>>> print(open('model.txt').read())   # compact mmCIF, C-alpha atoms and all ligand atoms
# COMPACT_ATOMS: atom_id res chain seq x y z
CA MET M 1 51.24 -58.15 35.72
CA ALA M 2 54.27 -59.90 34.25
CA ASN M 3 52.51 -61.81 31.50
CA ASN M 4 49.35 -60.40 30.02
CA ILE M 5 48.41 -63.32 27.81
CA ARG M 6 46.28 -65.94 29.53
CA TYR M 7 46.52 -69.63 28.61
CA PHE M 8 43.66 -72.09 28.64
CA ILE M 9 45.34 -75.44 28.03
CA GLY M 10 43.22 -78.58 27.79
CA ASN M 11 44.79 -81.91 28.71
CA TRP M 12 42.61 -84.66 27.30
CA LYS M 13 44.71 -87.45 28.84
CA MET M 14 43.44 -90.86 27.59
CA PHE M 15 40.35 -89.46 25.91
CA GLY M 16 39.42 -88.88 22.27
CA GLU M 17 38.96 -90.55 18.93
CA PRO M 18 38.90 -89.07 15.43
CA LYS M 19 35.27 -87.89 15.72
CA SER M 20 36.07 -85.99 18.94
CA ILE M 21 37.33 -83.25 16.64
CA ALA M 22 33.73 -81.97 16.83
CA ILE M 23 34.54 -80.73 20.36
CA LEU M 24 37.49 -78.73 19.08
CA ASN M 25 35.52 -77.36 16.15
CA LYS M 26 33.06 -75.84 18.61
CA ILE M 27 35.79 -74.40 20.83
CA ASN M 28 37.58 -73.00 17.79
CA LYS M 29 34.36 -71.43 16.52
CA PHE M 30 33.79 -69.78 19.88
CA VAL M 31 37.34 -68.38 20.08
CA LYS M 32 37.03 -67.02 16.54
CA SER M 33 33.80 -65.27 17.40
CA ASP M 34 35.12 -63.90 20.71
CA LYS M 35 36.58 -60.87 18.94
CA LYS M 36 36.55 -58.57 21.96
CA LEU M 37 38.72 -60.83 24.10
CA ASN M 38 40.44 -63.43 21.96
CA LYS M 39 43.67 -61.48 21.66
CA LYS M 40 44.07 -61.73 25.41
CA TYR M 41 44.31 -65.50 25.55
CA LYS M 42 45.61 -68.62 23.83
CA VAL M 43 43.82 -71.95 23.69
CA VAL M 44 45.97 -75.06 23.46
CA ILE M 45 44.57 -78.60 23.43
CA THR M 46 46.68 -81.70 23.98
CA PRO M 47 44.85 -84.77 22.64
CA PRO M 48 46.40 -88.25 22.90
CA HIS M 49 49.27 -89.01 20.50
CA THR M 50 46.95 -90.89 18.11
CA LEU M 51 45.18 -87.62 17.25
CA VAL M 52 47.98 -85.10 17.33
CA GLN M 53 48.84 -85.22 13.63
CA SER M 54 45.30 -85.00 12.24
CA TYR M 55 44.22 -82.33 14.72
CA ALA M 56 47.38 -80.25 14.21
CA LYS M 57 46.69 -80.32 10.48
CA ALA M 58 43.01 -79.43 10.89
CA PHE M 59 43.75 -76.43 13.13
CA SER M 60 47.01 -75.23 11.59
CA LYS M 61 45.45 -71.97 10.43
CA GLN M 62 42.82 -71.70 13.13
CA LYS M 63 42.56 -70.20 16.58
CA ILE M 64 43.32 -73.21 18.72
CA ILE M 65 46.76 -74.72 18.97
CA ILE M 66 47.55 -78.43 19.26
CA GLY M 67 50.14 -79.94 21.57
CA ALA M 68 51.13 -83.35 22.91
CA GLN M 69 50.84 -84.73 26.43
CA ASN M 70 54.29 -86.19 26.92
CA CYS M 71 57.45 -87.10 25.03
CA TYR M 72 60.45 -89.40 25.23
CA HIS M 73 63.47 -87.99 27.04
CA LYS M 74 66.23 -88.43 24.47
CA ASP M 75 66.98 -88.97 20.79
CA ASN M 76 64.89 -88.25 17.73
CA PHE M 77 64.53 -91.88 16.68
CA GLY M 78 65.54 -95.05 18.49
CA ALA M 79 64.77 -98.62 19.52
CA ASN M 80 62.29 -97.58 22.20
CA THR M 81 58.96 -99.35 21.91
CA GLY M 82 56.00 -97.05 22.34
CA ALA M 83 58.11 -93.91 22.68
CA ILE M 84 57.47 -90.66 20.83
CA SER M 85 60.20 -88.03 20.66
CA PRO M 86 59.90 -84.24 20.63
CA TYR M 87 61.28 -84.36 17.08
CA MET M 88 58.39 -86.62 16.00
CA ILE M 89 55.85 -84.39 17.72
CA LYS M 90 57.24 -81.32 16.00
CA SER M 91 57.36 -83.14 12.66
CA VAL M 92 53.54 -83.31 12.65
CA ASN M 93 53.30 -79.61 13.49
CA ALA M 94 52.24 -79.78 17.10
CA GLN M 95 53.53 -76.76 18.96
CA TYR M 96 53.40 -77.57 22.66
CA VAL M 97 54.27 -80.51 24.86
CA ILE M 98 53.39 -81.23 28.49
CA VAL M 99 56.35 -82.45 30.54
CA GLY M 100 56.36 -83.68 34.13
CA HIS M 101 52.66 -84.29 34.63
CA SER M 102 52.14 -86.05 37.97
CA ASP M 103 50.65 -89.04 36.12
CA ASN M 104 53.99 -89.49 34.35
CA ARG M 105 56.09 -88.73 37.43
CA ALA M 106 54.13 -91.49 39.19
CA GLU M 107 55.04 -93.84 36.34
CA GLY M 108 58.75 -93.22 36.84
CA ASP M 109 59.77 -89.92 35.25
CA THR M 110 62.79 -88.67 37.21
CA ASP M 111 64.06 -85.11 37.39
CA GLU M 112 66.96 -86.11 35.17
CA MET M 113 64.60 -87.50 32.53
CA LEU M 114 62.40 -84.42 32.80
CA LYS M 115 65.35 -82.11 32.30
CA ASN M 116 66.26 -84.03 29.15
CA LYS M 117 62.65 -83.89 27.97
CA VAL M 118 62.54 -80.13 28.44
CA GLU M 119 65.88 -79.60 26.74
CA ASN M 120 65.09 -81.92 23.84
CA SER M 121 61.65 -80.32 23.36
CA LEU M 122 63.11 -76.82 23.30
CA THR M 123 65.78 -77.92 20.83
CA ASN M 124 62.95 -79.14 18.61
CA LYS M 125 61.18 -75.78 18.89
CA LEU M 126 58.29 -77.04 21.00
CA LYS M 127 56.90 -74.90 23.78
CA VAL M 128 57.02 -76.78 27.07
CA VAL M 129 54.31 -76.88 29.71
CA PHE M 130 56.30 -78.06 32.72
CA CYS M 131 54.15 -79.41 35.57
CA ILE M 132 55.03 -79.28 39.23
CA GLY M 133 52.97 -79.96 42.34
CA GLU M 134 52.97 -81.27 45.88
CA ASN M 135 51.02 -84.27 47.16
CA LYS M 136 48.66 -84.42 50.14
CA ASP M 137 51.40 -85.40 52.59
CA HIS M 138 53.74 -82.64 51.47
CA LYS M 139 50.92 -80.17 52.01
CA LYS M 140 49.99 -81.59 55.41
CA ASN M 141 53.63 -81.44 56.55
CA ASN M 142 54.19 -77.89 55.25
CA LYS M 143 56.66 -79.10 52.65
CA THR M 144 54.93 -77.54 49.65
CA PHE M 145 57.42 -74.74 49.00
CA ASN M 146 60.44 -77.06 49.44
CA VAL M 147 59.00 -79.62 47.06
CA LEU M 148 58.08 -77.08 44.41
CA GLU M 149 61.44 -75.35 44.59
CA LYS M 150 63.26 -78.66 44.18
CA GLN M 151 61.08 -79.66 41.23
CA LEU M 152 61.85 -76.34 39.55
CA ARG M 153 65.58 -76.17 40.31
CA ASN M 154 66.28 -79.81 39.43
CA VAL M 155 64.84 -79.42 35.95
CA LEU M 156 64.84 -75.84 34.74
CA ASP M 157 68.22 -74.52 33.72
CA LYS M 158 69.07 -70.88 33.25
CA LYS M 159 70.41 -71.69 29.79
CA PHE M 160 66.87 -72.68 28.66
CA ASN M 161 64.86 -70.09 26.78
CA SER M 162 62.28 -69.09 29.38
CA LYS M 163 60.00 -67.62 26.70
CA ASP M 164 59.31 -71.15 25.49
CA ILE M 165 58.52 -72.55 28.93
CA ILE M 166 55.26 -72.36 30.85
CA VAL M 167 55.12 -73.72 34.39
CA ALA M 168 51.87 -75.39 35.46
CA TYR M 169 51.36 -75.59 39.21
CA GLU M 170 49.18 -78.66 39.76
CA PRO M 171 48.75 -79.80 43.35
CA ILE M 172 48.36 -83.57 43.07
CA TRP M 173 45.62 -83.61 45.72
CA SER M 174 43.58 -81.32 43.52
CA ILE M 175 43.81 -83.19 40.22
CA GLY M 176 40.51 -84.84 39.41
CA THR M 177 39.23 -84.54 43.00
CA GLY M 178 37.06 -81.43 42.84
CA GLN M 179 39.22 -79.84 45.55
CA ILE M 180 40.86 -76.52 44.79
CA PRO M 181 43.30 -74.50 46.91
CA GLN M 182 42.17 -71.62 49.09
CA PRO M 183 42.70 -68.37 47.14
CA ASP M 184 45.15 -66.99 49.73
CA ASP M 185 47.23 -70.19 49.69
CA LEU M 186 47.26 -70.23 45.91
CA HIS M 187 48.29 -66.59 45.79
CA GLU M 188 51.22 -67.25 48.16
CA THR M 189 52.27 -70.42 46.32
CA VAL M 190 52.26 -68.85 42.88
CA LYS M 191 54.15 -65.85 44.27
CA TYR M 192 56.76 -68.25 45.65
CA ILE M 193 57.02 -70.14 42.35
CA LYS M 194 57.55 -66.83 40.54
CA LYS M 195 60.26 -65.86 43.03
CA VAL M 196 62.13 -69.11 42.40
CA LEU M 197 61.73 -68.70 38.63
CA LYS M 198 63.07 -65.17 38.81
CA ASN M 199 66.05 -66.53 40.62
CA ILE M 200 66.68 -69.17 37.94
CA PHE M 201 65.94 -66.99 34.91
CA ALA M 202 67.28 -63.55 35.68
CA LYS M 203 65.65 -61.86 32.69
CA GLN M 204 62.22 -63.15 31.76
CA SER M 205 60.33 -65.62 33.92
CA PRO M 206 58.03 -68.24 32.42
CA ALA M 207 54.28 -67.82 32.73
CA VAL M 208 52.75 -69.76 35.64
CA LEU M 209 49.43 -71.60 35.28
CA TYR M 210 47.22 -73.28 37.82
CA GLY M 211 45.80 -76.77 37.20
CA GLY M 212 43.57 -79.03 39.29
CA SER M 213 39.78 -79.45 39.11
CA VAL M 214 39.23 -76.19 37.23
CA ASP M 215 35.73 -76.01 35.73
CA SER M 216 33.20 -73.46 34.58
CA LYS M 217 31.66 -73.24 38.06
CA ASN M 218 34.82 -72.48 40.04
CA ILE M 219 36.85 -70.50 37.46
CA GLY M 220 35.41 -67.22 38.76
CA GLN M 221 37.32 -67.77 42.00
CA PHE M 222 40.59 -67.52 40.07
CA SER M 223 39.77 -64.41 38.02
CA SER M 224 41.02 -61.96 40.62
CA LEU M 225 44.33 -63.76 41.13
CA ASN M 226 46.30 -61.69 38.67
CA GLU M 227 49.57 -63.55 39.14
CA ILE M 228 48.05 -66.69 37.57
CA ASP M 229 48.73 -66.59 33.84
CA GLY M 230 46.21 -69.26 32.89
CA PHE M 231 45.00 -72.77 33.51
CA LEU M 232 45.77 -76.39 32.69
CA ILE M 233 42.39 -78.08 32.48
CA GLY M 234 41.88 -81.85 32.51
CA GLY M 235 38.38 -83.30 32.87
CA ALA M 236 36.54 -80.10 31.94
CA SER M 237 38.42 -79.79 28.63
CA LYS M 238 36.60 -82.84 27.24
CA SER M 239 33.37 -80.86 27.01
CA ASP M 240 33.23 -77.97 24.55
CA GLN M 241 30.53 -76.24 26.61
CA ASN M 242 32.42 -76.52 29.88
CA PHE M 243 35.65 -75.35 28.27
CA ILE M 244 33.98 -72.41 26.53
CA ASP M 245 32.19 -71.45 29.77
CA ILE M 246 35.52 -71.53 31.60
CA ILE M 247 36.82 -68.83 29.25
CA LYS M 248 33.57 -66.84 29.37
CA ASN M 249 33.26 -66.99 33.15
CA TYR M 250 36.93 -66.13 33.67
CA TYR M 251 36.38 -62.79 31.91
CA LYS M 252 32.92 -62.09 33.41
C1 LIG I 301 45.33 -82.52 34.90
O1 LIG I 301 45.31 -83.76 34.93
O2 LIG I 301 46.28 -81.92 34.40
C2 LIG I 301 44.20 -81.79 35.47
C3 LIG I 301 44.35 -80.53 35.77
O3 LIG I 301 43.05 -82.53 35.67
P1 LIG I 301 41.65 -82.02 36.26
O4 LIG I 301 41.37 -80.65 35.69
O5 LIG I 301 40.66 -83.03 35.80
O6 LIG I 301 41.81 -81.96 37.74
>>> encode(input="model.txt", output="structure tokens")
Amino acid sequence: MANNIRYFIGNWKMFGEPKSIAILNKINKFVKSDKKLNKKYKVVITPPHTLVQSYAKAFSKQKIIIGAQNCYHKDNFGANTGAISPYMIKSVNAQYVIVGHSDNRAEGDTDEMLKNKVENSLTNKLKVVFCIGENKDHKKNNKTFNVLEKQLRNVLDKKFNSKDIIVAYEPIWSIGTGQIPQPDDLHETVKYIKKVLKNIFAKQSPAVLYGGSVDSKNIGQFSSLNEIDGFLIGGASKSDQNFIDIIKNYYK
């Protein structure tokens, strides 16, 4: 197993208000109490930008880590309405940033922008969760491997520090649909992603996560797939009980 640490990364998307910190307090309490296993995994939560600063402050010395869901692709400051740079995210002590989520690709993020986002985030000492994934048509037409390889090669550069990059494989057809890949297909796909990553980064390859409709009921199906280094969890991360049960059931 290349990477022993498992990641459970919650992507809240457009969810959360100040009082939603109660959800994170419960998750944090669970991780703290999970003394037998909690050295084996990291929990990262990415709330919306409005909550990043206060949550990062609240959990700075705790078990869960706070990240952001997206960032602007260049500059630290600038005349860009609504934009938030990696520098600004780091300045409020968030530690991770998601880049290349299919939601943002659909809104116009190009490979060139994503490469700049990754580079700028790494320069600002953020760890990057870089998302890739095929859509339904790519899958139907057996284009999955081609699409994933292109997404990886067009953005990840061998000069980047691979230790600070995590790749999240998120098939678009699986996000929010309740559909998950067949275990054999997932095994082959993650193996392929790792092969491409090894080719880009000769020395140490980034960890590879799976994301798409993961919940406490289906997580057991992923436990035996050792090549998966963790999970990016959307809908189910908004419930402390579901998120905690995902961790518990993964290690059952
Ligand atoms: C996501 O949007 O990154 C995601 C994985 O969502 P869900 O778990 O809800 O499918």
>>> atom_distance(input="model.txt", atom1="atom CA of M:Pro47", atom2="atom CA of M:Glu17")
9.0 Å
>>> residues_near_point(input="model.txt", point="(63.3, -70.3, 32.4)", cutoff="10 Å", atoms="all atoms listed in the file", output="list of chain:residue names")
M:Leu152, M:Val155, M:Leu156, M:Asp157, M:Lys158, M:Lys159, M:Phe160, M:Asn161, M:Ser162, M:Lys163, M:Asp164, M:Ile165, M:Ile166, M:Val167, M:Leu197, M:Lys198, M:Asn199, M:Ile200, M:Phe201, M:Ala202, M:Lys203, M:Gln204, M:Ser205, M:Pro206, M:Ala207
>>> residues_around(input="model.txt", residues="M:Pro183", least_positions_apart="5", cutoff="9 Å", atoms="all atoms listed in the file", output="list of chain:residue names")
M:Glu188, M:Gln221, M:Phe222, M:Leu225
>>> residues_near_ligand(input="model.txt", ligand="ligand LIG 301 (chain I)", cutoff="6 Å", atoms="all atoms listed in the file", output="list in words")
Asn11, Ile175, Gly176, Gly211, Gly212, Ser213, Val214, Leu232, Ile233, Gly234 and Gly235 of chain M
>>> residues_around(input="model.txt", residues="stretch 58-67 of chain M", least_positions_apart="4", cutoff="8 Å", atoms="all atoms listed in the file", output="list in words")
Ile27, Asn28, Val31, Lys32, Lys42, Val43, Val44, Ile45, Thr46, Pro47, Val52, Ser54, Asn93, Ala94, Gln95, Tyr96, Val97 and Ile98 of chain M
>>> atom_distance(input="model.txt", atom1="atom CA of M:Tyr250", atom2="atom CA of M:His101")
24.0 Å
>>> atom_distance(input="model.txt", atom1="atom CA of M:Lys194", atom2="atom CA of M:Ile228")
10.0 Å
>>> decode(input="model.txt", residues="stretch 91-196 of chain M", atoms="C-alpha atoms", output="JSON list (two decimals), in the first residue's frame")
[["chain", "number", "residue", "atom", "x", "y", "z"],
["M", 91, "SER", "CA", -4.08, 33.88, 5.47],
["M", 92, "VAL", "CA", -7.04, 32.63, 7.53],
["M", 93, "ASN", "CA", -5.23, 29.37, 8.30],
["M", 94, "ALA", "CA", -7.13, 26.98, 6.10],
["M", 95, "GLN", "CA", -4.85, 24.16, 5.01],
["M", 96, "TYR", "CA", -6.46, 22.51, 2.01],
["M", 97, "VAL", "CA", -8.19, 23.64, -1.15],
["M", 98, "ILE", "CA", -10.28, 21.70, -3.66],
["M", 99, "VAL", "CA", -9.36, 22.43, -7.28],
["M", 100, "GLY", "CA", -11.08, 21.20, -10.42],
["M", 101, "HIS", "CA", -14.37, 20.01, -8.96],
["M", 102, "SER", "CA", -16.74, 19.10, -11.80],
["M", 103, "ASP", "CA", -19.14, 21.82, -10.60],
["M", 104, "ASN", "CA", -16.42, 24.40, -11.27],
["M", 105, "ARG", "CA", -15.24, 22.78, -14.50],
["M", 106, "ALA", "CA", -18.86, 23.03, -15.70],
["M", 107, "GLU", "CA", -18.80, 26.74, -14.86],
["M", 108, "GLY", "CA", -15.79, 27.32, -17.08],
["M", 109, "ASP", "CA", -12.60, 26.26, -15.31],
["M", 110, "THR", "CA", -10.13, 25.29, -18.04],
["M", 111, "ASP", "CA", -7.08, 23.07, -17.66],
["M", 112, "GLU", "CA", -4.89, 26.15, -17.93],
["M", 113, "MET", "CA", -6.77, 27.87, -15.10],
["M", 114, "LEU", "CA", -6.64, 24.69, -13.02],
["M", 115, "LYS", "CA", -2.90, 24.39, -13.49],
["M", 116, "ASN", "CA", -2.50, 27.97, -12.27],
["M", 117, "LYS", "CA", -4.80, 27.26, -9.32],
["M", 118, "VAL", "CA", -2.75, 24.23, -8.32],
["M", 119, "GLU", "CA", 0.54, 26.06, -8.71],
["M", 120, "ASN", "CA", -0.64, 29.16, -6.87],
["M", 121, "SER", "CA", -2.12, 27.06, -4.05],
["M", 122, "LEU", "CA", 1.09, 25.09, -3.62],
["M", 123, "THR", "CA", 3.11, 28.31, -3.60],
["M", 124, "ASN", "CA", 0.87, 29.49, -0.77],
["M", 125, "LYS", "CA", 1.49, 26.26, 1.15],
["M", 126, "LEU", "CA", -2.01, 24.87, 0.73],
["M", 127, "LYS", "CA", -2.54, 21.18, 0.13],
["M", 128, "VAL", "CA", -4.48, 20.64, -3.07],
["M", 129, "VAL", "CA", -7.31, 18.17, -3.60],
["M", 130, "PHE", "CA", -7.36, 17.95, -7.39],
["M", 131, "CYS", "CA", -10.58, 16.47, -8.82],
["M", 132, "ILE", "CA", -10.85, 14.52, -12.03],
["M", 133, "GLY", "CA", -13.66, 12.43, -13.47],
["M", 134, "GLU", "CA", -15.43, 11.28, -16.61],
["M", 135, "ASN", "CA", -19.05, 11.98, -17.52],
["M", 136, "LYS", "CA", -21.72, 9.47, -18.52],
["M", 137, "ASP", "CA", -20.94, 9.72, -22.24],
["M", 138, "HIS", "CA", -17.22, 9.23, -21.74],
["M", 139, "LYS", "CA", -18.00, 6.12, -19.73],
["M", 140, "LYS", "CA", -20.48, 4.80, -22.28],
["M", 141, "ASN", "CA", -17.98, 5.32, -25.11],
["M", 142, "ASN", "CA", -15.07, 3.73, -23.21],
["M", 143, "LYS", "CA", -13.22, 7.04, -23.03],
["M", 144, "THR", "CA", -12.75, 7.07, -19.27],
["M", 145, "PHE", "CA", -9.03, 6.33, -19.19],
["M", 146, "ASN", "CA", -8.28, 8.82, -22.00],
["M", 147, "VAL", "CA", -10.24, 11.57, -20.29],
["M", 148, "LEU", "CA", -8.67, 10.97, -16.89],
["M", 149, "GLU", "CA", -5.15, 10.83, -18.30],
["M", 150, "LYS", "CA", -5.67, 14.12, -20.14],
["M", 151, "GLN", "CA", -7.09, 15.80, -17.04],
["M", 152, "LEU", "CA", -4.05, 14.68, -15.05],
["M", 153, "ARG", "CA", -1.37, 15.45, -17.63],
["M", 154, "ASN", "CA", -2.79, 18.84, -18.61],
["M", 155, "VAL", "CA", -2.67, 20.11, -15.04],
["M", 156, "LEU", "CA", -0.18, 18.24, -12.90],
["M", 157, "ASP", "CA", 3.43, 19.11, -13.55],
["M", 158, "LYS", "CA", 6.38, 17.07, -12.41],
["M", 159, "LYS", "CA", 7.85, 20.19, -10.81],
["M", 160, "PHE", "CA", 4.92, 20.30, -8.34],
["M", 161, "ASN", "CA", 5.49, 18.81, -4.91],
["M", 162, "SER", "CA", 3.44, 15.63, -5.10],
["M", 163, "LYS", "CA", 3.35, 15.33, -1.30],
["M", 164, "ASP", "CA", 1.05, 18.34, -1.21],
["M", 165, "ILE", "CA", -1.33, 17.03, -3.85],
["M", 166, "ILE", "CA", -4.20, 14.58, -3.44],
["M", 167, "VAL", "CA", -6.10, 13.42, -6.50],
["M", 168, "ALA", "CA", -9.83, 12.81, -6.09],
["M", 169, "TYR", "CA", -11.37, 10.56, -8.71],
["M", 170, "GLU", "CA", -15.00, 11.65, -8.97],
["M", 171, "PRO", "CA", -17.00, 10.20, -11.85],
["M", 172, "ILE", "CA", -19.49, 12.94, -12.71],
["M", 173, "TRP", "CA", -22.29, 10.41, -13.21],
["M", 174, "SER", "CA", -21.84, 9.32, -9.62],
["M", 175, "ILE", "CA", -21.88, 12.71, -7.90],
["M", 176, "GLY", "CA", -25.12, 13.19, -6.02],
["M", 177, "THR", "CA", -26.89, 10.39, -7.92],
["M", 178, "GLY", "CA", -26.61, 7.46, -5.52],
["M", 179, "GLN", "CA", -24.77, 5.49, -8.22],
["M", 180, "ILE", "CA", -21.34, 4.13, -7.43],
["M", 181, "PRO", "CA", -18.88, 2.31, -9.69],
["M", 182, "GLN", "CA", -18.60, -1.47, -9.72],
["M", 183, "PRO", "CA", -15.71, -2.47, -7.42],
["M", 184, "ASP", "CA", -13.75, -4.11, -10.27],
["M", 185, "ASP", "CA", -14.11, -1.03, -12.49],
["M", 186, "LEU", "CA", -13.07, 1.25, -9.66],
["M", 187, "HIS", "CA", -10.07, -0.94, -8.89],
["M", 188, "GLU", "CA", -8.93, -0.81, -12.54],
["M", 189, "THR", "CA", -9.54, 2.94, -12.82],
["M", 190, "VAL", "CA", -7.65, 3.85, -9.67],
["M", 191, "LYS", "CA", -4.82, 1.55, -10.74],
["M", 192, "TYR", "CA", -4.68, 3.40, -14.06],
["M", 193, "ILE", "CA", -4.72, 6.81, -12.35],
["M", 194, "LYS", "CA", -1.83, 5.68, -10.15],
["M", 195, "LYS", "CA", 0.09, 4.49, -13.20],
["M", 196, "VAL", "CA", -0.28, 7.87, -14.88]]
